[in-house]
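A.B. asks: File name upload00.txt; file contents compact mmCIF, N, CA and C atoms; full text below.
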```txt
# COMPACT_ATOMS: atom_id res chain seq x y z
N MET A 10 -0.27 -133.39 -24.96
CA MET A 10 -0.30 -133.55 -23.52
C MET A 10 -1.14 -134.79 -23.19
N ALA A 11 -0.57 -135.66 -22.38
CA ALA A 11 -1.29 -136.86 -21.98
C ALA A 11 -2.30 -136.51 -20.89
N VAL A 12 -3.46 -137.10 -20.99
CA VAL A 12 -4.51 -136.89 -20.00
C VAL A 12 -4.60 -138.15 -19.16
N SER A 13 -4.69 -137.98 -17.86
CA SER A 13 -4.75 -139.13 -16.97
C SER A 13 -6.07 -139.11 -16.22
N GLY A 14 -7.01 -139.93 -16.64
CA GLY A 14 -8.28 -140.04 -15.95
C GLY A 14 -9.35 -139.10 -16.47
N ILE A 15 -10.57 -139.43 -16.15
CA ILE A 15 -11.73 -138.69 -16.65
C ILE A 15 -11.77 -137.28 -16.08
N ASP A 16 -11.41 -137.10 -14.82
CA ASP A 16 -11.45 -135.75 -14.24
C ASP A 16 -10.48 -134.82 -14.95
N ALA A 17 -9.30 -135.32 -15.26
CA ALA A 17 -8.31 -134.51 -15.98
C ALA A 17 -8.79 -134.20 -17.39
N LEU A 18 -9.42 -135.18 -18.03
CA LEU A 18 -9.94 -134.95 -19.37
C LEU A 18 -11.02 -133.87 -19.35
N VAL A 19 -11.96 -133.97 -18.44
CA VAL A 19 -13.02 -132.97 -18.34
C VAL A 19 -12.43 -131.59 -18.07
N ASP A 20 -11.49 -131.52 -17.15
CA ASP A 20 -10.86 -130.23 -16.84
C ASP A 20 -10.19 -129.64 -18.08
N ARG A 21 -9.48 -130.47 -18.83
CA ARG A 21 -8.80 -129.98 -20.03
C ARG A 21 -9.80 -129.53 -21.08
N LEU A 22 -10.85 -130.31 -21.31
CA LEU A 22 -11.85 -129.94 -22.32
C LEU A 22 -12.52 -128.62 -21.99
N ARG A 23 -12.73 -128.37 -20.73
CA ARG A 23 -13.40 -127.13 -20.32
C ARG A 23 -12.56 -125.89 -20.58
N THR A 24 -11.29 -126.05 -20.85
CA THR A 24 -10.46 -124.91 -21.18
C THR A 24 -10.54 -124.55 -22.66
N THR A 25 -11.24 -125.36 -23.45
CA THR A 25 -11.26 -125.16 -24.90
C THR A 25 -12.47 -124.37 -25.38
N TYR A 26 -13.40 -124.06 -24.50
CA TYR A 26 -14.59 -123.28 -24.87
C TYR A 26 -15.18 -122.65 -23.62
N ASP A 27 -16.09 -121.71 -23.82
CA ASP A 27 -16.75 -121.03 -22.71
C ASP A 27 -18.07 -121.72 -22.40
N ARG A 28 -18.21 -122.14 -21.16
CA ARG A 28 -19.45 -122.75 -20.69
C ARG A 28 -20.43 -121.63 -20.31
N VAL A 29 -21.69 -121.96 -20.14
CA VAL A 29 -22.68 -120.96 -19.75
C VAL A 29 -23.33 -121.34 -18.43
N ASP A 30 -23.71 -120.33 -17.67
CA ASP A 30 -24.44 -120.57 -16.43
C ASP A 30 -25.94 -120.60 -16.75
N PRO A 31 -26.78 -120.97 -15.80
CA PRO A 31 -28.21 -121.08 -16.09
C PRO A 31 -28.84 -119.80 -16.63
N ALA A 32 -28.53 -118.65 -16.06
CA ALA A 32 -29.14 -117.40 -16.53
C ALA A 32 -28.74 -117.11 -17.97
N GLN A 33 -27.47 -117.31 -18.30
CA GLN A 33 -27.02 -117.07 -19.67
C GLN A 33 -27.66 -118.07 -20.63
N ALA A 34 -27.76 -119.34 -20.21
CA ALA A 34 -28.38 -120.35 -21.06
C ALA A 34 -29.84 -119.97 -21.35
N HIS A 35 -30.54 -119.50 -20.33
CA HIS A 35 -31.94 -119.11 -20.51
C HIS A 35 -32.05 -117.94 -21.48
N THR A 36 -31.20 -116.95 -21.30
CA THR A 36 -31.20 -115.78 -22.19
C THR A 36 -30.91 -116.20 -23.63
N GLU A 37 -29.92 -117.05 -23.82
CA GLU A 37 -29.58 -117.51 -25.17
C GLU A 37 -30.70 -118.35 -25.77
N PHE A 38 -31.34 -119.17 -24.95
CA PHE A 38 -32.48 -119.97 -25.42
C PHE A 38 -33.60 -119.06 -25.91
N LEU A 39 -33.90 -118.01 -25.16
CA LEU A 39 -34.95 -117.07 -25.57
C LEU A 39 -34.58 -116.35 -26.87
N ALA A 40 -33.27 -116.26 -27.15
CA ALA A 40 -32.80 -115.61 -28.37
C ALA A 40 -32.61 -116.60 -29.53
N GLY A 41 -32.94 -117.89 -29.30
CA GLY A 41 -32.89 -118.85 -30.39
C GLY A 41 -31.92 -119.99 -30.28
N ALA A 42 -31.12 -120.04 -29.22
CA ALA A 42 -30.20 -121.17 -29.05
C ALA A 42 -30.99 -122.45 -28.79
N LEU A 43 -30.41 -123.56 -29.16
CA LEU A 43 -31.02 -124.86 -28.89
C LEU A 43 -30.55 -125.36 -27.53
N LEU A 44 -31.49 -125.63 -26.64
CA LEU A 44 -31.17 -126.33 -25.40
C LEU A 44 -31.37 -127.81 -25.69
N VAL A 45 -30.36 -128.61 -25.42
CA VAL A 45 -30.43 -130.04 -25.72
C VAL A 45 -30.21 -130.82 -24.43
N ASP A 46 -31.26 -131.49 -23.99
CA ASP A 46 -31.25 -132.28 -22.76
C ASP A 46 -30.82 -133.70 -23.09
N ILE A 47 -29.64 -134.11 -22.58
CA ILE A 47 -29.15 -135.46 -22.86
C ILE A 47 -29.32 -136.39 -21.66
N ARG A 48 -30.03 -135.94 -20.63
CA ARG A 48 -30.24 -136.81 -19.46
C ARG A 48 -31.02 -138.05 -19.85
N TYR A 49 -30.75 -139.13 -19.14
CA TYR A 49 -31.49 -140.34 -19.45
C TYR A 49 -32.91 -140.26 -18.90
N GLN A 50 -33.76 -141.11 -19.44
CA GLN A 50 -35.20 -141.03 -19.21
C GLN A 50 -35.57 -141.04 -17.73
N ALA A 51 -34.93 -141.86 -16.93
CA ALA A 51 -35.29 -141.93 -15.51
C ALA A 51 -35.10 -140.59 -14.82
N LEU A 52 -34.06 -139.85 -15.18
CA LEU A 52 -33.85 -138.52 -14.58
C LEU A 52 -34.89 -137.53 -15.06
N ARG A 53 -35.23 -137.59 -16.34
CA ARG A 53 -36.27 -136.69 -16.86
C ARG A 53 -37.61 -136.99 -16.18
N GLU A 54 -37.91 -138.26 -15.98
CA GLU A 54 -39.17 -138.63 -15.32
C GLU A 54 -39.17 -138.22 -13.86
N ARG A 55 -38.03 -138.30 -13.21
CA ARG A 55 -37.93 -137.95 -11.80
C ARG A 55 -37.98 -136.44 -11.58
N ASP A 56 -37.22 -135.69 -12.39
CA ASP A 56 -37.00 -134.27 -12.12
C ASP A 56 -37.77 -133.31 -13.02
N GLY A 57 -38.26 -133.79 -14.15
CA GLY A 57 -38.99 -132.92 -15.07
C GLY A 57 -38.15 -132.51 -16.26
N LEU A 58 -38.73 -131.64 -17.06
CA LEU A 58 -38.12 -131.20 -18.32
C LEU A 58 -38.04 -129.68 -18.37
N ILE A 59 -37.12 -129.20 -19.17
CA ILE A 59 -37.06 -127.77 -19.45
C ILE A 59 -37.97 -127.53 -20.64
N PRO A 60 -39.04 -126.73 -20.48
CA PRO A 60 -39.95 -126.48 -21.60
C PRO A 60 -39.21 -125.93 -22.82
N GLY A 61 -39.41 -126.56 -23.95
CA GLY A 61 -38.79 -126.12 -25.19
C GLY A 61 -37.45 -126.75 -25.49
N ALA A 62 -36.87 -127.44 -24.52
CA ALA A 62 -35.58 -128.10 -24.78
C ALA A 62 -35.80 -129.34 -25.65
N LEU A 63 -34.83 -129.60 -26.50
CA LEU A 63 -34.86 -130.83 -27.29
C LEU A 63 -34.32 -131.95 -26.42
N VAL A 64 -35.01 -133.07 -26.40
CA VAL A 64 -34.52 -134.24 -25.69
C VAL A 64 -33.86 -135.14 -26.72
N ILE A 65 -32.57 -135.34 -26.54
CA ILE A 65 -31.80 -136.21 -27.43
C ILE A 65 -30.95 -137.10 -26.54
N GLU A 66 -31.20 -138.38 -26.59
CA GLU A 66 -30.40 -139.31 -25.80
C GLU A 66 -28.93 -139.13 -26.19
N ARG A 67 -28.05 -139.27 -25.22
CA ARG A 67 -26.63 -139.03 -25.45
C ARG A 67 -26.08 -139.87 -26.62
N ASN A 68 -26.50 -141.09 -26.73
CA ASN A 68 -25.96 -141.95 -27.79
C ASN A 68 -26.45 -141.57 -29.19
N GLU A 69 -27.38 -140.63 -29.29
CA GLU A 69 -27.88 -140.17 -30.59
C GLU A 69 -27.47 -138.74 -30.91
N LEU A 70 -26.80 -138.08 -29.99
CA LEU A 70 -26.55 -136.65 -30.09
C LEU A 70 -25.89 -136.24 -31.40
N GLU A 71 -24.76 -136.84 -31.72
CA GLU A 71 -24.03 -136.45 -32.92
C GLU A 71 -24.84 -136.74 -34.18
N TRP A 72 -25.55 -137.83 -34.20
CA TRP A 72 -26.38 -138.18 -35.37
C TRP A 72 -27.47 -137.16 -35.59
N ARG A 73 -28.06 -136.67 -34.51
CA ARG A 73 -29.19 -135.75 -34.61
C ARG A 73 -28.79 -134.30 -34.88
N LEU A 74 -27.57 -133.93 -34.53
CA LEU A 74 -27.17 -132.53 -34.67
C LEU A 74 -26.20 -132.26 -35.82
N ASP A 75 -25.77 -133.27 -36.52
CA ASP A 75 -24.89 -133.07 -37.67
C ASP A 75 -25.71 -132.51 -38.83
N PRO A 76 -25.46 -131.26 -39.22
CA PRO A 76 -26.26 -130.65 -40.29
C PRO A 76 -26.20 -131.41 -41.62
N GLU A 77 -25.18 -132.21 -41.80
CA GLU A 77 -25.04 -132.98 -43.04
C GLU A 77 -25.48 -134.44 -42.88
N GLY A 78 -25.89 -134.82 -41.68
CA GLY A 78 -26.25 -136.20 -41.40
C GLY A 78 -27.63 -136.57 -41.90
N SER A 79 -27.78 -137.80 -42.24
CA SER A 79 -29.07 -138.28 -42.74
C SER A 79 -30.11 -138.43 -41.63
N HIS A 80 -29.69 -138.42 -40.37
CA HIS A 80 -30.61 -138.57 -39.24
C HIS A 80 -30.76 -137.28 -38.43
N ARG A 81 -30.38 -136.16 -39.03
CA ARG A 81 -30.41 -134.89 -38.31
C ARG A 81 -31.84 -134.45 -38.01
N LEU A 82 -31.96 -133.66 -36.97
CA LEU A 82 -33.23 -133.01 -36.63
C LEU A 82 -33.41 -131.78 -37.50
N PRO A 83 -34.64 -131.34 -37.69
CA PRO A 83 -34.87 -130.12 -38.49
C PRO A 83 -34.18 -128.89 -37.91
N GLN A 84 -33.92 -128.88 -36.61
CA GLN A 84 -33.27 -127.74 -35.97
C GLN A 84 -31.77 -127.70 -36.27
N ALA A 85 -31.22 -128.79 -36.75
CA ALA A 85 -29.78 -128.87 -37.05
C ALA A 85 -29.56 -128.35 -38.46
N THR A 86 -29.65 -127.04 -38.60
CA THR A 86 -29.67 -126.44 -39.93
C THR A 86 -28.30 -126.10 -40.48
N ASP A 87 -27.37 -125.75 -39.61
CA ASP A 87 -26.04 -125.40 -40.09
C ASP A 87 -25.03 -125.55 -38.97
N ARG A 88 -23.79 -125.42 -39.31
CA ARG A 88 -22.70 -125.63 -38.36
C ARG A 88 -22.58 -124.48 -37.35
N ASP A 89 -23.22 -123.35 -37.62
CA ASP A 89 -23.12 -122.21 -36.72
C ASP A 89 -24.23 -122.17 -35.67
N VAL A 90 -25.10 -123.15 -35.67
CA VAL A 90 -26.19 -123.17 -34.70
C VAL A 90 -25.60 -123.19 -33.28
N ARG A 91 -26.22 -122.44 -32.39
CA ARG A 91 -25.79 -122.41 -30.98
C ARG A 91 -26.50 -123.55 -30.27
N VAL A 92 -25.72 -124.45 -29.73
CA VAL A 92 -26.24 -125.61 -29.00
C VAL A 92 -25.72 -125.53 -27.58
N ILE A 93 -26.64 -125.65 -26.62
CA ILE A 93 -26.27 -125.70 -25.21
C ILE A 93 -26.70 -127.07 -24.69
N VAL A 94 -25.73 -127.91 -24.40
CA VAL A 94 -26.00 -129.27 -23.96
C VAL A 94 -26.20 -129.28 -22.45
N ILE A 95 -27.22 -130.02 -22.02
CA ILE A 95 -27.56 -130.09 -20.60
C ILE A 95 -27.62 -131.55 -20.17
N CYS A 96 -26.83 -131.89 -19.17
CA CYS A 96 -26.95 -133.20 -18.54
C CYS A 96 -27.47 -132.96 -17.12
N ASN A 97 -27.30 -133.89 -16.24
CA ASN A 97 -27.84 -133.72 -14.90
C ASN A 97 -27.05 -132.72 -14.05
N GLU A 98 -25.71 -132.83 -14.06
CA GLU A 98 -24.90 -131.98 -13.19
C GLU A 98 -23.76 -131.27 -13.91
N GLY A 99 -23.65 -131.42 -15.22
CA GLY A 99 -22.64 -130.67 -15.96
C GLY A 99 -21.35 -131.40 -16.24
N TYR A 100 -21.35 -132.71 -16.16
CA TYR A 100 -20.13 -133.47 -16.47
C TYR A 100 -20.23 -134.14 -17.83
N ALA A 101 -21.26 -134.96 -18.02
CA ALA A 101 -21.43 -135.64 -19.32
C ALA A 101 -21.62 -134.61 -20.43
N SER A 102 -22.21 -133.48 -20.10
CA SER A 102 -22.43 -132.45 -21.12
C SER A 102 -21.12 -131.85 -21.61
N THR A 103 -20.09 -131.83 -20.77
CA THR A 103 -18.78 -131.36 -21.22
C THR A 103 -18.24 -132.28 -22.30
N LEU A 104 -18.33 -133.57 -22.07
CA LEU A 104 -17.87 -134.54 -23.06
C LEU A 104 -18.69 -134.44 -24.33
N ALA A 105 -19.99 -134.23 -24.19
CA ALA A 105 -20.87 -134.10 -25.36
C ALA A 105 -20.54 -132.84 -26.15
N ALA A 106 -20.32 -131.73 -25.48
CA ALA A 106 -19.97 -130.48 -26.19
C ALA A 106 -18.66 -130.65 -26.93
N ALA A 107 -17.69 -131.30 -26.32
CA ALA A 107 -16.41 -131.54 -26.99
C ALA A 107 -16.61 -132.41 -28.23
N SER A 108 -17.49 -133.37 -28.15
CA SER A 108 -17.78 -134.22 -29.30
C SER A 108 -18.42 -133.41 -30.42
N LEU A 109 -19.29 -132.49 -30.07
CA LEU A 109 -19.91 -131.62 -31.09
C LEU A 109 -18.87 -130.70 -31.72
N HIS A 110 -17.91 -130.23 -30.92
CA HIS A 110 -16.81 -129.43 -31.50
C HIS A 110 -16.04 -130.27 -32.51
N ALA A 111 -15.77 -131.53 -32.18
CA ALA A 111 -15.05 -132.42 -33.10
C ALA A 111 -15.84 -132.64 -34.38
N LEU A 112 -17.16 -132.49 -34.30
CA LEU A 112 -18.05 -132.64 -35.45
C LEU A 112 -18.18 -131.33 -36.22
N SER A 113 -17.37 -130.35 -35.86
CA SER A 113 -17.35 -129.02 -36.50
C SER A 113 -18.60 -128.20 -36.21
N LEU A 114 -19.04 -128.25 -34.97
CA LEU A 114 -20.10 -127.37 -34.48
C LEU A 114 -19.46 -126.45 -33.44
N PRO A 115 -18.83 -125.37 -33.91
CA PRO A 115 -18.00 -124.54 -33.03
C PRO A 115 -18.75 -123.77 -31.96
N ASN A 116 -20.06 -123.61 -32.10
CA ASN A 116 -20.83 -122.84 -31.12
C ASN A 116 -21.51 -123.71 -30.07
N ALA A 117 -21.11 -124.96 -30.00
CA ALA A 117 -21.65 -125.85 -28.97
C ALA A 117 -20.99 -125.53 -27.63
N THR A 118 -21.78 -125.60 -26.59
CA THR A 118 -21.29 -125.41 -25.23
C THR A 118 -22.13 -126.28 -24.31
N ASP A 119 -21.90 -126.14 -23.02
CA ASP A 119 -22.73 -126.86 -22.07
C ASP A 119 -23.04 -125.99 -20.87
N LEU A 120 -24.00 -126.45 -20.10
CA LEU A 120 -24.52 -125.71 -18.95
C LEU A 120 -23.75 -126.11 -17.70
N THR A 121 -23.09 -125.15 -17.09
CA THR A 121 -22.39 -125.38 -15.83
C THR A 121 -23.41 -125.82 -14.77
N GLY A 122 -23.17 -126.96 -14.17
CA GLY A 122 -24.07 -127.45 -13.14
C GLY A 122 -25.26 -128.22 -13.66
N GLY A 123 -25.44 -128.25 -14.97
CA GLY A 123 -26.49 -129.06 -15.59
C GLY A 123 -27.90 -128.69 -15.18
N PHE A 124 -28.79 -129.65 -15.37
CA PHE A 124 -30.21 -129.45 -15.06
C PHE A 124 -30.41 -129.04 -13.60
N GLN A 125 -29.62 -129.62 -12.71
CA GLN A 125 -29.79 -129.31 -11.29
C GLN A 125 -29.53 -127.83 -11.02
N ALA A 126 -28.56 -127.25 -11.70
CA ALA A 126 -28.29 -125.81 -11.53
C ALA A 126 -29.42 -124.98 -12.14
N TRP A 127 -29.95 -125.43 -13.30
CA TRP A 127 -31.07 -124.75 -13.94
C TRP A 127 -32.25 -124.68 -12.98
N ARG A 128 -32.59 -125.83 -12.40
CA ARG A 128 -33.73 -125.90 -11.48
C ARG A 128 -33.47 -125.06 -10.23
N ALA A 129 -32.25 -125.15 -9.68
CA ALA A 129 -31.91 -124.38 -8.48
C ALA A 129 -31.98 -122.88 -8.73
N ALA A 130 -31.75 -122.46 -9.97
CA ALA A 130 -31.83 -121.04 -10.34
C ALA A 130 -33.27 -120.56 -10.48
N GLY A 131 -34.23 -121.47 -10.35
CA GLY A 131 -35.63 -121.10 -10.45
C GLY A 131 -36.11 -120.89 -11.86
N LEU A 132 -35.39 -121.44 -12.83
CA LEU A 132 -35.79 -121.33 -14.23
C LEU A 132 -36.88 -122.34 -14.54
N PRO A 133 -37.61 -122.17 -15.65
CA PRO A 133 -38.77 -123.02 -15.91
C PRO A 133 -38.45 -124.51 -16.00
N VAL A 134 -39.27 -125.28 -15.30
CA VAL A 134 -39.21 -126.74 -15.35
C VAL A 134 -40.64 -127.26 -15.40
N ALA A 135 -40.89 -128.14 -16.34
CA ALA A 135 -42.21 -128.77 -16.45
C ALA A 135 -42.18 -130.09 -15.69
N SER A 136 -43.25 -130.34 -14.94
CA SER A 136 -43.33 -131.59 -14.20
C SER A 136 -43.36 -132.76 -15.17
N PRO A 137 -42.75 -133.87 -14.78
CA PRO A 137 -42.81 -135.05 -15.65
C PRO A 137 -44.26 -135.49 -15.80
N SER A 138 -44.59 -135.98 -17.01
CA SER A 138 -45.97 -136.42 -17.19
C SER A 138 -46.07 -137.91 -17.20
```
Can the structure from this file be put into structure tokens for me?

C.D. replies:
Amino acid sequence: MAVSGIDALVDRLRTTYDRVDPAQAHTEFLAGALLVDIRYQALRERDGLIPGALVIERNELEWRLDPEGSHRLPQATDRDVRVIVICNEGYASTLAAASLHALSLPNATDLTGGFQAWRAAGLPVASPS
């Protein structure tokens, strides 16, 4: 099926896995899932951070989470790790989660509404330092 435009691509990708809402993301994080914040630095400085989330710039995401990669993080232990990608509003994270699926990380997902939804839900946010 041909995809026409970024909105159509995002819509199609979202049909290939289950996204999580802020409450579910928080519950999964408390149970051991990795929250991965891919927002760029200016947004993190403006809005704050989710305590305990890994900050991985979007352009490094696949390198850092590939369990077989030479630049992986210690948390990238196996292909079954649960990864919840968080961007600002839940769009770039869809593309990032799809990229992780292509890297054979089947339990990757993203946060519906992104960081802004997390904050609006009253979940923990640390002030930027």

A.B. asks: Atom N of Arg53 (chain A) and atom C of Thr118 (chain A) are how many Å apart?

C.D. replies: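 For atom N of Arg53 (chain A) relative to atom C of Thr118 (chain A), the distance reads 19.1 Å.
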
A.B. asks: One decimal, Å: what's the distance from atom N of Glu66 (chain A) over to CA of Thr25 (chain A), could you say?

C.D. replies: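 CA of Thr25 (chain A) lies at a distance of 24.0 Å from atom N of Glu66 (chain A).
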
A.B. asks: When distances are computed from all atoms listed in the file, which of A:Ser102, A:Thr121, A:Ser13, A:Asn68 shows the smallest separation from Arg28 (chain A)?

C.D. replies: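 Of the candidates, the smallest distance to Arg28 (chain A) is held by A:Thr121.
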
A.B. asks: Name the closest residue to Tyr100 (chain A) among the candidates A:Arg88, A:Gly122, A:Asn116, A:Ser136; distances are taken between atoms, counting only N, CA and C atoms.

C.D. replies: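 Ranked by minimum distance to Tyr100 (chain A), first place goes to A:Gly122.
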
A.B. asks: Please identify all polymer residues within 6 Å of Ala62 (chain A), counting all atoms listed in the file, omitting same-chain residues fewer than 6 positions from it, and present them as a compact mmCIF listing (two decimals) with N, CA and C atoms, keeping the file's coordinate frame.

C.D. replies:
```txt
# COMPACT_ATOMS: atom_id res chain seq x y z
N LEU A 44 -31.49 -125.63 -26.64
CA LEU A 44 -31.17 -126.33 -25.40
C LEU A 44 -31.37 -127.81 -25.69
N VAL A 45 -30.36 -128.61 -25.42
CA VAL A 45 -30.43 -130.04 -25.72
C VAL A 45 -30.21 -130.82 -24.43
N ASP A 46 -31.26 -131.49 -23.99
CA ASP A 46 -31.25 -132.28 -22.76
C ASP A 46 -30.82 -133.70 -23.09
```

A.B. asks: When you draw a straight line from CA of Ala107 (chain A) to CA of Val134 (chain A), how long is it in Å?

C.D. replies: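 If I compute the distance from CA of Ala107 (chain A) to CA of Val134 (chain A), I get 26.0 Å.
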
A.B. asks: Pick out the residues sitting within 6 Å of region 75-78 of chain A, and hand them over as a list in words; count all atoms listed in the file, and ignore anything fewer than 4 positions along from it in its own chain.

C.D. replies: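 Counting only the stated atoms, we get Leu70, Glu71, Ala85, Thr86, Asp87 and Arg88 of chain A.
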
A.B. asks: Give me, as a ChimeraX atom specification, the residues of region 70-138 of chain A that a backbone DSSP run labels alpha helix (DSSP H).

C.D. replies: /A:70-74,101-111,123-129

A.B. asks: If DSSP is run on the backbone, what residues of region 56-117 of chain A are strand (DSSP E or B)? A reply as number ranges by chain would be ideal.

C.D. replies: A: 58, 63-64, 92-95, 117

A.B. asks: Looking at A:Arg55, A:Ala105, A:Leu82, A:Thr36, which one is nearest to Arg67 (chain A), with distances taken over all atoms listed in the file?

C.D. replies: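 When distances to Arg67 (chain A) are compared using all atoms listed in the file, the smallest one comes from A:Ala105.
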
A.B. asks: Is it possible to get the axis-aligned box enclosing region 41-58 of chain A (all listed atoms, 8 Å extra per side) as AutoDock Vina command-line options, with centre and edge lengths in Å rounded to one decimal?

C.D. replies:
```
--center_x -34.2 --center_y -129.9 --center_z -21.0 --size_x 26.0 --size_y 40.0 --size_z 34.8
```

A.B. asks: Would you mind listing what lies within 8 Å of Pro133 (chain A) as a list in words, with only C-alpha atoms counted and same-chain residues fewer than 2 positions away left out?

C.D. replies: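 The residues satisfying every condition are Ile59, Pro60, Arg128, Gly131 and Ala135 of chain A.
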
A.B. asks: Please determine the residues with any atom at most 6 Å from (-26.5, -121.5, -30.4) (coordinates as given in the file, with all atoms listed in the file counting) and report them as a PyMOL selection string.

C.D. replies: chain A and resi 41-43+89-93+116

A.B. asks: For Leu22 (chain A), which residue out of A:Gln50, A:Leu104, A:Asn97, A:Arg81 is the nearest one, using only N, CA and C atoms?

C.D. replies: A:Leu104

A.B. asks: Select, from A:Thr103, A:Leu74, A:Tyr49, A:Leu112, the residue with the minimum atom-to-atom distance to Arg23 (chain A), counting only N, CA and C atoms.

C.D. replies: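 With only N, CA and C atoms as the atom set, the closest residue is A:Thr103.
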